[in-house]
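Novice: Just dropping this structure here.
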There are 4 protein chains.
Amino acid sequence: MNYGDQAETVKQCMISILDHVRSYIDRIRDEDIDQMIRTLLEARKIFIMGAGRSGLVGKAFAMRLMHLDLKVYVVGETTTPAFTDQDVLIAISGSGETNSVLTSARVAKQRGGKVVTITSYPSSSLGKMADCLVIVKGRTKDDVPASYIERELHPYQQLTPMGTLFEDCCMIFLEGIVASLMEVLEKGEKDMKARHAVLE
Amino acid sequence: MNYGDQAETVKQCMISILDHVRSYIDRIRDEDIDQMIRTLLEARKIFIMGAGRSGLVGKAFAMRLMHLDLKVYVVGETTTPAFTDQDVLIAISGSGETNSVLTSARVAKQRGGKVVTITSYPSSSLGKMADCLVIVKGRTKDDVPASYIERELHPYQQLTPMGTLFEDCCMIFLEGIVASLMEVLEKGEKDMKARHAVLE
Amino acid sequence: MNYGDQAETVKQCMISILDHVRSYIDRIRDEDIDQMIRTLLEARKIFIMGAGRSGLVGKAFAMRLMHLDLKVYVVGETTTPAFTDQDVLIAISGSGETNSVLTSARVAKQRGGKVVTITSYPSSSLGKMADCLVIVKGRTKDDVPASYIERELHPYQQLTPMGTLFEDCCMIFLEGIVASLMEVLEKGEKDMKARHAVLE
Amino acid sequence: MNYGDQAETVKQCMISILDHVRSYIDRIRDEDIDQMIRTLLEARKIFIMGAGRSGLVGKAFAMRLMHLDLKVYVVGETTTPAFTDQDVLIAISGSGETNSVLTSARVAKQRGGKVVTITSYPSSSLGKMADCLVIVKGRTKDDVPASYIERELHPYQQLTPMGTLFEDCCMIFLEGIVASLMEVLEKGEKDMKARHAVLE
């Protein structure tokens, strides 16, 4: 293995992610944001579901919703209760076709609850089931650059493998939703810190 | 509660995060990157530890290291084995003072292994224990804006509560490390996809 | 609420669980045990999957397999890699119909790997997919006592709600499998302790 | 490796665990049970903490407390909030000296809350901090049989490695506490099933 002088690659990759998120910001539809916030605030309980790194991004969001004193649960964690028709599921999947996320969304719909889908593919299975659809742009796992030419146009994109751009874009978008909820709920940092876990 | 027209807040918060990360990129010390990559590649096993959202960012990184076929484990997960003097612990904590992360780092040092600390505070307890120190800039949980004036200067910074800037900066920095490792290890996206979990 | 003097209920419940497990031991088929152990030892990697408390029992087993130096992963944890045709999935479900476990088992079969099913229902969907089937007796979530008479016959069974008997029986059965693997692999407690996690 | 005919070992190990739990039942102090139940019911929120397999046993208990509609959280999970002086921490550790569990217990006490310690060693650090102490007998990780003679007297005890007996004993004891809480809270299986997670 040959290493040393890797700083340039690291920084170019980081800039490439920032550029991607920046270009996404201008394409977010304002009405999607308003609808998502309304759906979150009207729900009795909020459930978060994603697989792999999308699931981790979902958990980072869930932690902040707890800090905001909303009733929020991560699907699959120990003390997550039953989902009812008063509840909303936030289903995160770049491709919109992840098996386990689809299963959760189907059960949520059967039980009469709402589904907020966060995906790159509005026409995916998960996209079609959405009561509220948020498109987050990313190369997803299934868009491997098809040709050398394409890779030359986006030299560092191959260095953001699989769902990386979706996941990072989604993480930062959800930070924005947290900021908005702080404003709407009139919660400051002190309120949130008071709810922060302390036993770890 | 009064909501609707929240898009502006969401977008300003997102831009504020991008600006923060952008300003951080120029301050990353090249030698820290090279040392971190060398330390990762020379270790027999890599262990990742962080609490709360820092822990989630660490897990997102760990997943990619697994895709790169490195031996990597998350502290606290079910099948994580013993740490030995051939191993490295990546300890992530904005403040550098998180109890559980400190405990892990102390045991890692006692056992003769290495510690890579990722923190905003080089002179913190965790910073002082580092064999390899990476500074990631962020307001951490303990830098609540002190006065109204300060908040006026950075109107949306209060909308990135607690460790948000550290965590997002850390996430994107670690994506850069993944890009670099792909280059050094000559692994492409196809190699990584072949190792991606499929049973979920 | 009226409490105090609850020791009798606690103890009767515990005895009821012990009686259940004791009656199960005599019904375990010896050839199932040998086949399960052979399947585990012939696999390149072992994956464990279960939902809810069955999943927790599976994790307790996975931890011991790691102590025995077998390559073992829990489905859904961060560093769990791809499943291949050299691998085995241990799928745990009392009813044999849990959605997420079925999905994992289907993918495992499609990929040419083996499935060890641990269930109370050999004719369930999961039972039918098994290369190796282990029946663990329990009332499962769907056997709520039908009548008062039945409850009178088993007064404390209602106090082992839902999957309790399956889960406890499964936990103790898997301890037996660990004991057997220690013998076959000639591993003592010291070998296992040397692999035990130390960073928590 | 030589295998086949392992059924005898599996069954002897299982019987050895049942005998251990049976002998424990007679030694449980009735007043400990009553005090534990009172403490759980008087708490505003219940937090559960354990490392490794003790943590898994704690999670299995936490899930049932959720089914009983108590406010319960697992330390380290995503949406676990701050601990207050109205709350109780259930700290599970065979040795009573596990670092991460001790840290949680110390913070819980500092904050003015209560600690229920479940351990084999009443005079351990964790035992001494307990507001309510429950002794669960087990060989713990640190009681490796000292001599061959001792092992001959208990031939299969070595086949219940490290904390096995503590963990299984603890699991079944906590099932008893669930049974008791069902009685005190007048909750039946149907009430509990109605709260059971459905999105997995």
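To be explicit about the labels: the chains of the structure tokens are called A, B, and onward in the order shown, and within each one the residues are counted from 1, while ligands get numbers from 1 in the order they are shown.
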Would you list the contacts of C:Met36 as number ranges by chain, taking every protein, DNA or RNA residue within 12 Å and counting only C-alpha atoms, but skipping same-chain residues closer than 5 positions in sequence?
Specialist: C: 29-31, 41-43, 46, 88-90, 114-118, 130-135, 173-174, 176-178, 180-181; D: 3-7, 10
Novice: Residues of chain D near chain A: apply a cut-off of 6 Å, count only C-alpha atoms, and supply the list as a list in words.
Specialist: Met63, Met66, Thr78, Thr79, Pro81, Ala82, Ser104, Arg195, His196, Ala197, Val198 and Leu199 of chain D
Novice: If you run DSSP on the backbone, which residues of stretch 23-71 of chain A are helix (DSSP H, G or I), as a ChimeraX atom specification?
Specialist: /A:23-25,30-42,52-67
Novice: As a list in words, please: the residues near C:Val21 (cut-off 10 Å, only C-alpha atoms, same-chain neighbours under 5 positions excluded).
Specialist: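 Skipping anything fewer than 5 positions along the chain leaves Ile15, Ser16, Asp26, Val136, Lys137, Gly138, Leu165, Phe166, Asp168, Cys169, Cys170, Ile172 and Phe173 of chain C; Met14, Ile15 and Leu18 of chain D.
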Novice: For C:Met171, which residue among C:Ile92, C:Leu68, C:Ala51, C:Cys13 is the nearest when counting only C-alpha atoms?
Specialist: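 Of the candidates, the smallest distance to C:Met171 is held by C:Ile92.
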Novice: In Å, with one decimal, what is the gap from atom CA of B:Leu70 to atom CA of B:Arg44?
Specialist: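 So the answer is 8.7 Å.
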Novice: Rounded to one decimal place, report the atom CA of D:Ala91-atom CA of D:Thr119 distance in Å.
Specialist: 8.4 Å
Novice: Name the residues of chain B that fall into strand (DSSP E or B) according to DSSP on the backbone, using the chain letters and numbers of this document, as a list in words.
Specialist: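 Taking chain B and keeping strand (DSSP E or B) gives Ile46, Phe47, Ile48, Met49, Gly50, Val72, Tyr73, Val74, Val88, Leu89, Ile90, Ala91, Ile92, Lys114, Val115, Val116, Thr117, Ile118, Thr119, Cys132, Leu133, Val134 and Ile135 of chain B.
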Novice: Could you write out that same residue set with N, CA, C and O atoms as a short mmCIF file (atom, residue, chain, number, x, y, z; two decimals), in the first residue's frame?
Specialist:
data_model
loop_
_atom_site.label_atom_id
_atom_site.label_comp_id
_atom_site.auth_asym_id
_atom_site.auth_seq_id
_atom_site.Cartn_x
_atom_site.Cartn_y
_atom_site.Cartn_z
N ILE B 46 -9.80 -2.20 14.05
CA ILE B 46 -10.19 -0.82 14.31
C ILE B 46 -11.47 -0.85 15.14
O ILE B 46 -12.43 -1.53 14.78
N PHE B 47 -11.48 -0.11 16.23
CA PHE B 47 -12.67 0.00 17.09
C PHE B 47 -13.16 1.45 17.04
O PHE B 47 -12.34 2.37 17.08
N ILE B 48 -14.49 1.61 17.00
CA ILE B 48 -15.07 2.95 16.93
C ILE B 48 -15.91 3.20 18.16
O ILE B 48 -16.73 2.36 18.53
N MET B 49 -15.75 4.36 18.76
CA MET B 49 -16.52 4.69 19.96
C MET B 49 -16.95 6.15 19.96
O MET B 49 -16.12 7.05 19.74
N GLY B 50 -18.21 6.38 20.22
CA GLY B 50 -18.73 7.73 20.41
C GLY B 50 -20.06 7.62 21.12
O GLY B 50 -20.72 6.57 21.04
N VAL B 72 -13.23 -4.03 11.43
CA VAL B 72 -13.71 -2.88 12.20
C VAL B 72 -14.88 -3.29 13.09
O VAL B 72 -15.71 -4.13 12.71
N TYR B 73 -14.92 -2.70 14.27
CA TYR B 73 -15.93 -3.03 15.26
C TYR B 73 -16.42 -1.77 15.94
O TYR B 73 -15.64 -0.84 16.16
N VAL B 74 -17.69 -1.76 16.32
CA VAL B 74 -18.25 -0.65 17.08
C VAL B 74 -18.32 -1.06 18.55
O VAL B 74 -18.87 -2.12 18.87
N VAL B 88 -6.43 -0.22 17.17
CA VAL B 88 -6.60 1.23 17.33
C VAL B 88 -8.06 1.54 17.68
O VAL B 88 -8.98 0.91 17.15
N LEU B 89 -8.23 2.48 18.59
CA LEU B 89 -9.57 2.97 18.94
C LEU B 89 -9.75 4.36 18.34
O LEU B 89 -8.90 5.24 18.58
N ILE B 90 -10.81 4.55 17.58
CA ILE B 90 -11.17 5.89 17.12
C ILE B 90 -12.21 6.43 18.09
O ILE B 90 -13.33 5.93 18.15
N ALA B 91 -11.83 7.43 18.86
CA ALA B 91 -12.68 7.97 19.92
C ALA B 91 -13.21 9.33 19.47
O ALA B 91 -12.43 10.25 19.24
N ILE B 92 -14.53 9.46 19.36
CA ILE B 92 -15.14 10.68 18.83
C ILE B 92 -15.92 11.39 19.93
O ILE B 92 -16.83 10.83 20.52
N LYS B 114 -3.48 1.90 20.29
CA LYS B 114 -3.44 3.32 19.92
C LYS B 114 -4.82 3.95 20.00
O LYS B 114 -5.84 3.27 19.85
N VAL B 115 -4.82 5.27 20.18
CA VAL B 115 -6.07 6.02 20.21
C VAL B 115 -6.01 7.15 19.19
O VAL B 115 -5.06 7.96 19.20
N VAL B 116 -6.97 7.18 18.28
CA VAL B 116 -7.18 8.34 17.40
C VAL B 116 -8.32 9.13 18.01
O VAL B 116 -9.44 8.62 18.13
N THR B 117 -8.05 10.37 18.42
CA THR B 117 -9.09 11.20 19.00
C THR B 117 -9.60 12.19 17.96
O THR B 117 -8.82 12.88 17.32
N ILE B 118 -10.91 12.25 17.81
CA ILE B 118 -11.54 13.26 16.97
C ILE B 118 -12.34 14.16 17.89
O ILE B 118 -13.32 13.71 18.49
N THR B 119 -11.94 15.41 18.01
CA THR B 119 -12.54 16.31 18.99
C THR B 119 -12.38 17.76 18.54
O THR B 119 -11.57 18.05 17.65
N CYS B 132 -2.95 9.98 17.86
CA CYS B 132 -3.20 10.73 16.62
C CYS B 132 -4.40 11.61 16.89
O CYS B 132 -5.46 11.11 17.29
N LEU B 133 -4.25 12.91 16.73
CA LEU B 133 -5.30 13.85 17.10
C LEU B 133 -5.85 14.53 15.85
O LEU B 133 -5.08 15.10 15.07
N VAL B 134 -7.14 14.48 15.67
CA VAL B 134 -7.78 15.20 14.56
C VAL B 134 -8.74 16.21 15.17
O VAL B 134 -9.66 15.84 15.92
N ILE B 135 -8.51 17.48 14.85
CA ILE B 135 -9.39 18.52 15.37
C ILE B 135 -10.50 18.76 14.36
O ILE B 135 -10.25 19.00 13.19
#
Novice: Could you state the separation of atom CA of B:Met162 and atom CA of B:Thr9 in Å, given to one decimal place?
Specialist: 17.6 Å
